[in-house]
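Since the structure comes first, as structure tokens, the remarks are kept for the end.
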Amino acid sequence: MKKGAVFVNKQPSIIVRSWRLILVFWLMAAVIFGFFASKLPSKLEGDGFRTDGDYEVVQRELHDTFNFPENTLLVLFEKAENESSESYQNQILSVLSNIEATGDPSAIDSPLENKEFMKEHVAYAAIHYDDESLEMDPIIDEVQLIIKDEEGVSITGGPVISKDINKASQDDLKRAELIGLPVALVVLLLALGTVVSSILPLIVGGVTIVIGFGILSLIADSVDLAIFILNITPMLGLALSIDFSLLFINRYKEERSNGKTIDDALTVTIAKAGHSILFSALCVFIGLGSVLLIDIDIFKNIAIGGMTVITIAVISSMTLLPALLKVLGDRVYKWKIIRINTDASNRWRTFAGFVMKRPVFIAIAALALLGAGIIPVKNMNLAIPEAGALPTSFESRTAYDTIEEEFRQDVASTIFAIAERDGGWLNEKGLQEMKQLQRDFEKEHHVTGAETLFSVSGVDDPSQLAAMLEHSQTAVQLQPAIDEFIKGNQLLIPVSLDVKASSDAAQTIVRDWSSVDWDIDVLFGGHPKFNQELYDEIYNKVIPVLAVILISTFFILMAAFRSVIIPLKAILMNVISLASTFGILVWLFQGGHLGLEPTDISLIMPVLVFTLVFGLSMDYEVFLISRIREFYLETRDNNYSTVEGLASTSKIITSAALIMIVITGAFAFTGVAPVKQIGIGIAIAIAIDATIVRLLLVPSLMKLLGAANWWMPFSHRNKNSPS
């Protein structure tokens, strides 16, 4: 019996025999989880940039103890050129009175009362909300209704920006689908030739996303999920589902063309293509799972979302797709509108032969191209996305930028220090320690001031201030300041800096202070601490994450291919191509090239793109090397196996990569900056992998290494005969 006919007389796979039950199961799952999926967008909130640390503790203390508001909306008032001051002030008073009349705000800081909030042609008010149980979206809608007809009035602030990012994410998803799905269908038609077979991967992808969203909706009831999951999860789920389906259908058609029955062809395909799908999915799964080591919500969210849709994509590709092919039978070849070029394999075979005749030149040229892309990496600036994540078409973005530019340039950022002392702070000993803390803070470079009872009262001597507090008249005068800065044993000291919260200087200051062994308990908060904790968490966990990915991928590929050299080579090529991708992204985004708005690289982008693409590109490695290995086990001819492996898989890998590029690249047209960067980053990385790496480096290195490609220590296999 021929090697290719191993499965002909075997019992069909249990999946093939149970196709009716499988179809019923997936139909029921799609309906049930589809109901929950529709509720997912309403359960997503925040940008996911949160980690457990001192910042969260201090934020809670500021709210619970020192009465800082839970949420704040900012209302911007811009005076018209010919508008009178009286009319302008009446507008401010009217708008704020209407907002106050809703009964929701706990306090309003008006520019009519606080002159720091007003300039000649622009002013803003801060609307505070203390009630944690309040849903901010309806409140925002109510305020927007109040100001709808008011000329020159707009709202912004954290809750508004978060709501707008959620809306932008949903709009972006629809836009990306409108762009990506039709182009993906065209590519599928070119790859598979018939309408019916081309629609199947989209069906599998759609079912994967619907069920994935349904599961995530249930998870969102107990875990906070960030709004960015709405973009990343379907991007990954659809791309992988189509990739797996394309590989499966192509192999099924190949087996059918070799004369096998439908059942036998499906059984062989489940075994052979299924092997590749499982190993490639495992690489992606572990890559995403590794970011769970980073204790930041957005990484955990995307890992949970990604691992969910990967699992569903594998199961649906291995069960739903075979069941659909079984029920369709030869109708899968219906509506052939594009004639498949039967000479394509010969052209790929010729190309592979050309590369393998010049392996040294091709390898050096490919590495030189990748090296050129790596150069800009050294200039990468990472930033945490805030209002700048939104496009300027959003009112909340432009209003926020105006307030920052007009009112918040003098004090660049503030660190909130909370110190706790047994025995309180209003005795002479406590005042001495308070003064010492103030001195310690103010001696730091970039600190412009530390606000305490001493700075408010104008008294610099602890003994003198203690005496004033013992005098009833002066104590009453100081009571408002005491209430502001001291609550029981807790002392609040706002420390003003002349550098931005995202700057290295601000982070260094708060990091150093957090590591000091103070005589009393001191915790630090504010945006500098927020940024420092996020940056440190990522930088401290990057090495363990990379170690998990690289080591696990090595052993997975070693088990799949029974080789040590091929996994090492695949990992090295992936690292180089990803470094080149990051360099290109720096050139594009930081340089503002090709019409992009100049912006820093999102802090999450390098980690997410690396973990996502490292696994995704292993898809193509597994698809290609699996087929090369099949030929090698039959012939023991490394050169022949490489050429034939490339000839039989290059078209399908190129098509799969093109679909991945289209689906992820469609997010280039989105408005949310981090999603745009991740989408473009994945598209560029896949394009590099499918061309420079897969078509040039792989065959040239396979040629150069020869039989050493298949070296496996402690292997007792007879190398002179097929295994």
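If you're wondering about the labels, chains in the structure tokens are A, B, ... by order shown, residues count from 1 in each chain, ligands from 1 in order shown.
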
### Message
Taking 4 positions as the minimum chain separation for residues in the same chain, which residues sit within 8 Å of region 63-67 of chain A when counting only C-alpha atoms? Answer as a list in words.
### Response
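Contacts, in chain order: Gln59, Asp130, Glu484, Phe485 and Lys487 of chain A.
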
May I have the selected residues written with all heavy atoms, as a compact mmCIF listing (two decimals), in the first residue's frame?
```
# COMPACT_ATOMS: atom_id res chain seq x y z
N GLN A 59 -5.03 55.86 45.91
CA GLN A 59 -6.25 56.36 45.28
C GLN A 59 -7.47 56.10 46.15
O GLN A 59 -8.33 56.97 46.33
CB GLN A 59 -6.45 55.70 43.92
CG GLN A 59 -5.61 56.29 42.81
CD GLN A 59 -5.96 57.74 42.51
OE1 GLN A 59 -5.24 58.66 42.89
NE2 GLN A 59 -7.07 57.94 41.84
N ASP A 130 -19.02 61.68 43.91
CA ASP A 130 -18.44 60.85 44.96
C ASP A 130 -19.06 59.46 45.06
O ASP A 130 -18.44 58.54 45.58
CB ASP A 130 -18.59 61.54 46.32
CG ASP A 130 -17.56 62.64 46.52
OD1 ASP A 130 -16.58 62.68 45.75
OD2 ASP A 130 -17.74 63.47 47.43
N GLU A 484 -8.17 69.48 55.38
CA GLU A 484 -7.74 69.15 54.03
C GLU A 484 -6.55 68.19 54.02
O GLU A 484 -6.48 67.29 53.18
CB GLU A 484 -7.36 70.43 53.28
CG GLU A 484 -6.96 70.19 51.83
CD GLU A 484 -6.64 71.48 51.09
OE1 GLU A 484 -6.81 72.57 51.68
OE2 GLU A 484 -6.21 71.40 49.92
N PHE A 485 -5.64 68.36 54.98
CA PHE A 485 -4.38 67.60 54.94
C PHE A 485 -4.29 66.48 55.98
O PHE A 485 -3.46 65.59 55.83
CB PHE A 485 -3.19 68.54 55.14
CG PHE A 485 -3.01 69.53 54.03
CD1 PHE A 485 -3.22 70.88 54.25
CD2 PHE A 485 -2.64 69.12 52.75
CE1 PHE A 485 -3.07 71.80 53.23
CE2 PHE A 485 -2.48 70.03 51.73
CZ PHE A 485 -2.70 71.37 51.96
N LYS A 487 -6.30 63.61 58.53
CA LYS A 487 -7.46 62.86 58.97
C LYS A 487 -6.97 61.79 59.95
O LYS A 487 -6.39 60.79 59.54
CB LYS A 487 -8.17 62.19 57.79
CG LYS A 487 -8.68 63.15 56.72
CD LYS A 487 -9.90 63.93 57.19
CE LYS A 487 -10.45 64.78 56.05
NZ LYS A 487 -11.62 65.57 56.46
```

### Task
Determine which residues of region 260-353 of chain A receive a DSSP assignment of helix (DSSP H, G or I), computed from the backbone, and state them as a ChimeraX atom specification.
/A:262-293,297-333,344-353

Could you please take those selected residues and save C-alpha atoms as a PDB file, in the first residue's frame?
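Result file selection10.pdb:
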```
ATOM      1  CA  ILE A 262     -15.027  11.966   1.372  1.00  0.00           C
ATOM      2  CA  ASP A 263     -14.798  10.077   4.670  1.00  0.00           C
ATOM      3  CA  ASP A 264     -11.228   8.918   4.050  1.00  0.00           C
ATOM      4  CA  ALA A 265     -10.121  12.363   2.853  1.00  0.00           C
ATOM      5  CA  LEU A 266     -11.585  13.975   5.960  1.00  0.00           C
ATOM      6  CA  THR A 267      -9.983  11.363   8.219  1.00  0.00           C
ATOM      7  CA  VAL A 268      -6.540  11.922   6.682  1.00  0.00           C
ATOM      8  CA  THR A 269      -6.987  15.706   6.796  1.00  0.00           C
ATOM      9  CA  ILE A 270      -8.018  15.664  10.460  1.00  0.00           C
ATOM     10  CA  ALA A 271      -4.888  13.634  11.252  1.00  0.00           C
ATOM     11  CA  LYS A 272      -2.386  15.512   9.069  1.00  0.00           C
ATOM     12  CA  ALA A 273      -3.664  19.109   8.954  1.00  0.00           C
ATOM     13  CA  GLY A 274      -4.995  18.687  12.479  1.00  0.00           C
ATOM     14  CA  HIS A 275      -1.462  17.938  13.686  1.00  0.00           C
ATOM     15  CA  SER A 276      -0.234  21.238  12.226  1.00  0.00           C
ATOM     16  CA  ILE A 277      -3.228  23.182  13.551  1.00  0.00           C
ATOM     17  CA  LEU A 278      -2.806  21.845  17.078  1.00  0.00           C
ATOM     18  CA  PHE A 279       0.908  22.590  17.297  1.00  0.00           C
ATOM     19  CA  SER A 280       0.610  26.050  15.735  1.00  0.00           C
ATOM     20  CA  ALA A 281      -2.330  26.934  18.001  1.00  0.00           C
ATOM     21  CA  LEU A 282      -0.360  25.744  20.997  1.00  0.00           C
ATOM     22  CA  CYS A 283       2.435  28.185  20.108  1.00  0.00           C
ATOM     23  CA  VAL A 284      -0.033  31.085  19.892  1.00  0.00           C
ATOM     24  CA  PHE A 285      -1.807  29.959  23.071  1.00  0.00           C
ATOM     25  CA  ILE A 286       1.395  29.842  25.110  1.00  0.00           C
ATOM     26  CA  GLY A 287       2.565  33.164  23.681  1.00  0.00           C
ATOM     27  CA  LEU A 288      -0.607  34.837  24.868  1.00  0.00           C
ATOM     28  CA  GLY A 289      -0.741  32.895  28.120  1.00  0.00           C
ATOM     29  CA  SER A 290       2.746  34.097  29.005  1.00  0.00           C
ATOM     30  CA  VAL A 291       1.544  37.703  29.325  1.00  0.00           C
ATOM     31  CA  LEU A 292      -0.582  36.632  32.286  1.00  0.00           C
ATOM     32  CA  LEU A 293       2.703  36.971  34.180  1.00  0.00           C
ATOM     33  CA  ASP A 297      -5.326  44.295  33.586  1.00  0.00           C
ATOM     34  CA  ILE A 298      -5.051  44.938  29.853  1.00  0.00           C
ATOM     35  CA  PHE A 299      -2.487  42.164  29.384  1.00  0.00           C
ATOM     36  CA  LYS A 300      -4.597  39.751  31.402  1.00  0.00           C
ATOM     37  CA  ASN A 301      -7.699  40.777  29.439  1.00  0.00           C
ATOM     38  CA  ILE A 302      -6.128  40.271  26.037  1.00  0.00           C
ATOM     39  CA  ALA A 303      -4.572  36.988  27.182  1.00  0.00           C
ATOM     40  CA  ILE A 304      -7.971  35.746  28.405  1.00  0.00           C
ATOM     41  CA  GLY A 305      -9.721  36.926  25.242  1.00  0.00           C
ATOM     42  CA  GLY A 306      -7.021  35.568  22.946  1.00  0.00           C
ATOM     43  CA  MET A 307      -6.771  32.164  24.614  1.00  0.00           C
ATOM     44  CA  THR A 308     -10.564  31.897  24.536  1.00  0.00           C
ATOM     45  CA  VAL A 309     -10.889  32.460  20.777  1.00  0.00           C
ATOM     46  CA  ILE A 310      -7.789  30.360  19.997  1.00  0.00           C
ATOM     47  CA  THR A 311      -9.314  27.400  21.813  1.00  0.00           C
ATOM     48  CA  ILE A 312     -12.629  27.848  20.004  1.00  0.00           C
ATOM     49  CA  ALA A 313     -10.864  28.335  16.648  1.00  0.00           C
ATOM     50  CA  VAL A 314      -9.009  25.026  17.039  1.00  0.00           C
ATOM     51  CA  ILE A 315     -12.115  23.102  18.118  1.00  0.00           C
ATOM     52  CA  SER A 316     -14.306  24.616  15.396  1.00  0.00           C
ATOM     53  CA  SER A 317     -11.674  23.979  12.701  1.00  0.00           C
ATOM     54  CA  MET A 318     -11.321  20.357  13.804  1.00  0.00           C
ATOM     55  CA  THR A 319     -15.037  19.580  14.295  1.00  0.00           C
ATOM     56  CA  LEU A 320     -17.400  22.132  12.739  1.00  0.00           C
ATOM     57  CA  LEU A 321     -15.431  22.451   9.500  1.00  0.00           C
ATOM     58  CA  PRO A 322     -15.164  18.674   8.852  1.00  0.00           C
ATOM     59  CA  ALA A 323     -18.892  18.346   9.630  1.00  0.00           C
ATOM     60  CA  LEU A 324     -19.707  21.084   7.112  1.00  0.00           C
ATOM     61  CA  LEU A 325     -17.473  19.452   4.502  1.00  0.00           C
ATOM     62  CA  LYS A 326     -19.167  16.116   5.170  1.00  0.00           C
ATOM     63  CA  VAL A 327     -22.677  17.516   4.717  1.00  0.00           C
ATOM     64  CA  LEU A 328     -21.668  19.459   1.601  1.00  0.00           C
ATOM     65  CA  GLY A 329     -19.824  16.598  -0.029  1.00  0.00           C
ATOM     66  CA  ASP A 330     -18.749  17.492  -3.557  1.00  0.00           C
ATOM     67  CA  ARG A 331     -21.005  20.550  -3.444  1.00  0.00           C
ATOM     68  CA  VAL A 332     -17.993  22.267  -1.877  1.00  0.00           C
ATOM     69  CA  TYR A 333     -16.726  22.575  -5.474  1.00  0.00           C
ATOM     70  CA  ALA A 344       1.270  27.414  -9.377  1.00  0.00           C
ATOM     71  CA  SER A 345       3.118  24.560  -7.665  1.00  0.00           C
ATOM     72  CA  ASN A 346       5.601  24.381 -10.514  1.00  0.00           C
ATOM     73  CA  ARG A 347       6.293  28.109 -10.240  1.00  0.00           C
ATOM     74  CA  TRP A 348       6.855  27.809  -6.488  1.00  0.00           C
ATOM     75  CA  ARG A 349       9.068  24.809  -7.144  1.00  0.00           C
ATOM     76  CA  THR A 350      11.125  26.868  -9.612  1.00  0.00           C
ATOM     77  CA  PHE A 351      11.369  29.747  -7.143  1.00  0.00           C
ATOM     78  CA  ALA A 352      12.489  27.457  -4.323  1.00  0.00           C
ATOM     79  CA  GLY A 353      15.118  25.939  -6.589  1.00  0.00           C
TER      80      GLY A 353
END
```

Strand (DSSP E) positions in region 380-571 of chain A, given as an mmCIF file with C-alpha atoms, in the first residue's frame:
```cif
data_model
loop_
_atom_site.group_PDB
_atom_site.id
_atom_site.type_symbol
_atom_site.label_atom_id
_atom_site.label_comp_id
_atom_site.auth_asym_id
_atom_site.auth_seq_id
_atom_site.Cartn_x
_atom_site.Cartn_y
_atom_site.Cartn_z
ATOM 1 C CA LEU A 382 7.004 54.208 24.979
ATOM 2 C CA ALA A 383 3.982 55.985 26.453
ATOM 3 C CA SER A 413 2.450 66.564 37.660
ATOM 4 C CA THR A 414 1.743 65.863 41.330
ATOM 5 C CA ILE A 415 2.811 63.061 43.656
ATOM 6 C CA PHE A 416 0.437 62.445 46.562
ATOM 7 C CA ALA A 417 2.255 61.244 49.680
ATOM 8 C CA ILE A 418 0.179 59.722 52.467
ATOM 9 C CA ALA A 419 2.007 59.256 55.767
ATOM 10 C CA GLU A 420 0.619 57.456 58.794
ATOM 11 C CA VAL A 447 10.163 69.338 43.010
ATOM 12 C CA THR A 448 8.598 72.812 42.989
ATOM 13 C CA GLY A 449 6.833 72.524 46.335
ATOM 14 C CA ALA A 450 5.297 70.265 48.977
ATOM 15 C CA ILE A 486 -4.926 65.563 58.127
ATOM 16 C CA LYS A 487 -7.462 62.861 58.971
ATOM 17 C CA GLN A 490 -3.175 60.096 58.160
ATOM 18 C CA LEU A 491 -1.296 63.009 56.592
ATOM 19 C CA LEU A 492 -1.641 64.060 52.950
ATOM 20 C CA ILE A 493 1.219 65.931 51.270
ATOM 21 C CA PRO A 494 0.752 66.905 47.600
ATOM 22 C CA VAL A 495 4.203 67.266 46.006
ATOM 23 C CA SER A 496 4.343 69.348 42.801
ATOM 24 C CA LEU A 497 6.855 68.532 40.052
ATOM 25 C CA ASP A 521 4.899 54.644 56.972
ATOM 26 C CA VAL A 522 4.660 56.605 53.696
ATOM 27 C CA LEU A 523 2.882 55.584 50.504
ATOM 28 C CA PHE A 524 2.965 57.480 47.215
ATOM 29 C CA GLY A 525 0.307 57.963 44.558
#
```
